[in-house]
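Trainee: One structure is given below, represented as structure tokens, and several questions about it will come after.
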Amino acid sequence: LDPTDKQGTYFARASGTARFAWNWALAQWQRQYAARADDPVLPQPSDTRLRRQLNSLKREQFPWMFDVTKCAVQEAIIDLGAAFGSFFEGRGRYRRFKKKGGRDSFCAANEAGTFRVDGQRIKLPVIGWVRMREAVRFTGKLKRVTVSRVETAGSSASWLRP
């Protein structure tokens with residue numbers, strides 16, 4: 001991607017919001033899982049329940065989350081649920097809390113036209129059209145986009161869409 005300074009700032013905020021949502025959901029998952037070990041009647045933690053729980057809290061406790069696309073928060077928690085699914089099936093390791101720096105990212109799923117591509121630009125939720133350095137290399141409908149910041153040796157960080 002070739003974002004403007006304003007778009008780069010938005011990407012950083014969206015990535016931070018996604019990281020916060022992941023860390024919040026992981027802490028809640030651990031708390032609920034431990035509570036369920038003590039009382040098996042309690043429901044098992046799930047990404048759906050955690051998204052609903054966060055949605056009920058964020059207007060009062062985390063109003064800054066409304067500054068970025070809701071996809072950043074939702075997809076982070078969905079990704080955590082998928083990661084725990086892999087862990088419990090023996091295909092992955094236990095998830096850790098995320099920290100700032102390195103590879104900050106956020107995702108958006110293409111539900112009802114959340115984003116679209118037109119040549120060498122992509123329209124993302126809230127921010128609008130962002131220039132890309134090259135066009136998408138395959139045909140077909142994009143189902144999900146991940147915007148990540150990668151530190152490169154000898155230069156500043158750059159935003160890309162893998």
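Here's how to read the names in the structure tokens: chain A, B, ... by the order shown, residue numbers from 1 in each chain, ligand numbers from 1 in the order shown.
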Which neighbours of Gln7 (chain A) fall inside 12 Å, counting only C-alpha atoms, when residues of the same chain fewer than 2 positions from it are skipped, and could you give them as a list in words?

Mentor: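 Everything that qualifies: Leu1, Asp2, Pro3, Thr4, Asp5, Thr9, Tyr10, Phe11, Ala12, Arg13, Ala14, Val68, Lys123, Leu124, Pro125, Val126, Ile127, Gly128, Trp129, Val130, Arg131, Val147, Ser158 and Trp159 of chain A.
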
Trainee: Mind dumping the selected residues with N, CA, C and O atoms as an mmCIF file, in the first residue's frame?

Mentor:
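In the end it all went to result_37.cif:
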data_model
loop_
_atom_site.group_PDB
_atom_site.id
_atom_site.type_symbol
_atom_site.label_atom_id
_atom_site.label_comp_id
_atom_site.auth_asym_id
_atom_site.auth_seq_id
_atom_site.Cartn_x
_atom_site.Cartn_y
_atom_site.Cartn_z
ATOM 1 N N LEU A 1 0.835 -1.182 0.000
ATOM 2 C CA LEU A 1 0.000 0.000 0.000
ATOM 3 C C LEU A 1 0.874 1.239 0.000
ATOM 4 O O LEU A 1 2.022 1.215 0.453
ATOM 5 N N ASP A 2 0.298 2.317 -0.476
ATOM 6 C CA ASP A 2 0.998 3.589 -0.513
ATOM 7 C C ASP A 2 0.090 4.643 0.140
ATOM 8 O O ASP A 2 -0.487 5.492 -0.546
ATOM 9 N N PRO A 3 -0.048 4.578 1.487
ATOM 10 C CA PRO A 3 -0.992 5.478 2.156
ATOM 11 C C PRO A 3 -0.450 6.885 2.347
ATOM 12 O O PRO A 3 0.766 7.101 2.385
ATOM 13 N N THR A 4 -1.365 7.817 2.489
ATOM 14 C CA THR A 4 -0.999 9.177 2.875
ATOM 15 C C THR A 4 -0.651 9.159 4.360
ATOM 16 O O THR A 4 -0.852 8.151 5.043
ATOM 17 N N ASP A 5 -0.150 10.268 4.883
ATOM 18 C CA ASP A 5 0.173 10.332 6.315
ATOM 19 C C ASP A 5 -1.080 10.111 7.164
ATOM 20 O O ASP A 5 -1.031 9.415 8.185
ATOM 21 N N THR A 9 -1.679 7.014 9.804
ATOM 22 C CA THR A 9 -2.076 7.221 11.194
ATOM 23 C C THR A 9 -3.320 6.409 11.514
ATOM 24 O O THR A 9 -3.414 5.787 12.579
ATOM 25 N N TYR A 10 -4.293 6.400 10.592
ATOM 26 C CA TYR A 10 -5.499 5.605 10.780
ATOM 27 C C TYR A 10 -5.152 4.121 10.891
ATOM 28 O O TYR A 10 -5.680 3.408 11.745
ATOM 29 N N PHE A 11 -4.255 3.636 10.019
ATOM 30 C CA PHE A 11 -3.849 2.230 10.063
ATOM 31 C C PHE A 11 -3.232 1.889 11.416
ATOM 32 O O PHE A 11 -3.477 0.830 11.977
ATOM 33 N N ALA A 12 -2.418 2.794 11.952
ATOM 34 C CA ALA A 12 -1.787 2.560 13.254
ATOM 35 C C ALA A 12 -2.843 2.487 14.352
ATOM 36 O O ALA A 12 -2.772 1.633 15.240
ATOM 37 N N ARG A 13 -3.845 3.370 14.290
ATOM 38 C CA ARG A 13 -4.919 3.356 15.291
ATOM 39 C C ARG A 13 -5.764 2.093 15.167
ATOM 40 O O ARG A 13 -6.139 1.485 16.165
ATOM 41 N N ALA A 14 -6.074 1.687 13.932
ATOM 42 C CA ALA A 14 -6.862 0.471 13.722
ATOM 43 C C ALA A 14 -6.092 -0.757 14.207
ATOM 44 O O ALA A 14 -6.667 -1.662 14.820
ATOM 45 N N VAL A 68 -12.396 3.738 14.583
ATOM 46 C CA VAL A 68 -11.896 2.882 13.501
ATOM 47 C C VAL A 68 -12.999 1.907 13.092
ATOM 48 O O VAL A 68 -14.022 1.787 13.756
ATOM 49 N N LYS A 123 -10.590 0.272 -1.590
ATOM 50 C CA LYS A 123 -11.444 1.064 -0.705
ATOM 51 C C LYS A 123 -11.654 0.270 0.582
ATOM 52 O O LYS A 123 -12.204 -0.825 0.564
ATOM 53 N N LEU A 124 -11.152 0.828 1.675
ATOM 54 C CA LEU A 124 -11.256 0.194 2.984
ATOM 55 C C LEU A 124 -12.297 0.907 3.824
ATOM 56 O O LEU A 124 -12.580 2.093 3.612
ATOM 57 N N PRO A 125 -12.891 0.206 4.803
ATOM 58 C CA PRO A 125 -13.907 0.824 5.644
ATOM 59 C C PRO A 125 -13.370 2.048 6.375
ATOM 60 O O PRO A 125 -12.227 2.067 6.811
ATOM 61 N N VAL A 126 -14.167 3.044 6.485
ATOM 62 C CA VAL A 126 -13.932 4.310 7.185
ATOM 63 C C VAL A 126 -12.907 5.192 6.470
ATOM 64 O O VAL A 126 -13.162 6.350 6.215
ATOM 65 N N ILE A 127 -11.752 4.675 6.085
ATOM 66 C CA ILE A 127 -10.676 5.502 5.528
ATOM 67 C C ILE A 127 -10.893 5.837 4.062
ATOM 68 O O ILE A 127 -10.456 6.864 3.580
ATOM 69 N N GLY A 128 -11.561 4.961 3.332
ATOM 70 C CA GLY A 128 -11.820 5.218 1.919
ATOM 71 C C GLY A 128 -10.760 4.619 1.009
ATOM 72 O O GLY A 128 -10.156 3.596 1.325
ATOM 73 N N TRP A 129 -10.523 5.283 -0.119
ATOM 74 C CA TRP A 129 -9.607 4.761 -1.136
ATOM 75 C C TRP A 129 -8.147 4.935 -0.714
ATOM 76 O O TRP A 129 -7.738 6.016 -0.309
ATOM 77 N N VAL A 130 -7.376 3.858 -0.863
ATOM 78 C CA VAL A 130 -5.943 3.868 -0.558
ATOM 79 C C VAL A 130 -5.205 3.363 -1.793
ATOM 80 O O VAL A 130 -5.590 2.358 -2.391
ATOM 81 N N ARG A 131 -4.145 4.083 -2.179
ATOM 82 C CA ARG A 131 -3.345 3.658 -3.336
ATOM 83 C C ARG A 131 -2.558 2.395 -3.004
ATOM 84 O O ARG A 131 -2.068 2.231 -1.889
ATOM 85 N N VAL A 147 -4.224 -5.622 6.607
ATOM 86 C CA VAL A 147 -3.309 -4.503 6.445
ATOM 87 C C VAL A 147 -2.309 -4.613 7.577
ATOM 88 O O VAL A 147 -2.680 -4.598 8.741
ATOM 89 N N SER A 158 6.664 0.203 6.644
ATOM 90 C CA SER A 158 5.755 0.436 5.523
ATOM 91 C C SER A 158 4.525 -0.443 5.692
ATOM 92 O O SER A 158 4.585 -1.500 6.298
ATOM 93 N N TRP A 159 3.428 0.034 5.162
ATOM 94 C CA TRP A 159 2.168 -0.696 5.240
ATOM 95 C C TRP A 159 2.000 -1.520 3.992
ATOM 96 O O TRP A 159 2.282 -1.068 2.895
#

Trainee: At what distance in Å, to one decimal, does CA of Ala18 (chain A) lie from CA of Asn110 (chain A)?

Mentor: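 The value is 16.8 Å.
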
Trainee: Figure out the distance between CA of Ala21 (chain A) and CA of Ala37 (chain A), please, to one decimal in Å.

Mentor: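 We find that CA of Ala37 (chain A) and CA of Ala21 (chain A) lie 24.0 Å from each other.
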
Trainee: Just how far from CA of Asp104 (chain A) is CA of Arg149 (chain A), in Å to one decimal?

Mentor: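 Between CA of Arg149 (chain A) and CA of Asp104 (chain A) the gap is 5.3 Å.
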
Trainee: When you look at Cys71 (chain A) with a cut-off of 7 Å (counting only C-alpha atoms), what residues show up, excluding the ones that are within fewer than 4 positions of it in the same chain? I need them as a list in words.

Mentor: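 Counting only C-alpha atoms, the residues come to Glu75, Cys107, Ala108 and Ala109 of chain A.
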
Trainee: Please return, as a PyMOL selection string, all residues of region 16-150 of chain A that DSSP assigns to alpha helix (DSSP H) on the basis of the backbone.

Mentor: chain A and resi 16-38+47-61+70-88

Trainee: What's the 7 Å shell around Gly81 (chain A), counting only C-alpha atoms, without same-chain residues fewer than 4 positions away, as a list in words?

Mentor: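 Listed by chain and then number, they are Ser46, Asp47, Ile77 and Gly85 of chain A.
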
Trainee: Quick one: write out the picked residues with N, CA, C and O atoms as a PDB file, in the first residue's frame?

Mentor:
ATOM      1  N   SER A  46     -16.280 -18.549  23.978  1.00  0.00           N
ATOM      2  CA  SER A  46     -16.298 -18.599  22.514  1.00  0.00           C
ATOM      3  C   SER A  46     -16.107 -17.191  21.974  1.00  0.00           C
ATOM      4  O   SER A  46     -16.374 -16.201  22.660  1.00  0.00           O
ATOM      5  N   ASP A  47     -15.651 -17.129  20.727  1.00  0.00           N
ATOM      6  CA  ASP A  47     -15.434 -15.812  20.126  1.00  0.00           C
ATOM      7  C   ASP A  47     -16.750 -15.064  19.964  1.00  0.00           C
ATOM      8  O   ASP A  47     -16.797 -13.848  20.121  1.00  0.00           O
ATOM      9  N   ILE A  77     -11.086 -10.785  17.346  1.00  0.00           N
ATOM     10  CA  ILE A  77     -11.684 -11.770  18.252  1.00  0.00           C
ATOM     11  C   ILE A  77     -12.012 -13.057  17.506  1.00  0.00           C
ATOM     12  O   ILE A  77     -11.821 -14.157  18.039  1.00  0.00           O
ATOM     13  N   GLY A  85      -9.299 -22.783  18.575  1.00  0.00           N
ATOM     14  CA  GLY A  85      -9.772 -24.004  17.934  1.00  0.00           C
ATOM     15  C   GLY A  85      -8.615 -24.865  17.460  1.00  0.00           C
ATOM     16  O   GLY A  85      -8.592 -26.083  17.680  1.00  0.00           O
TER      17      GLY A  85
END
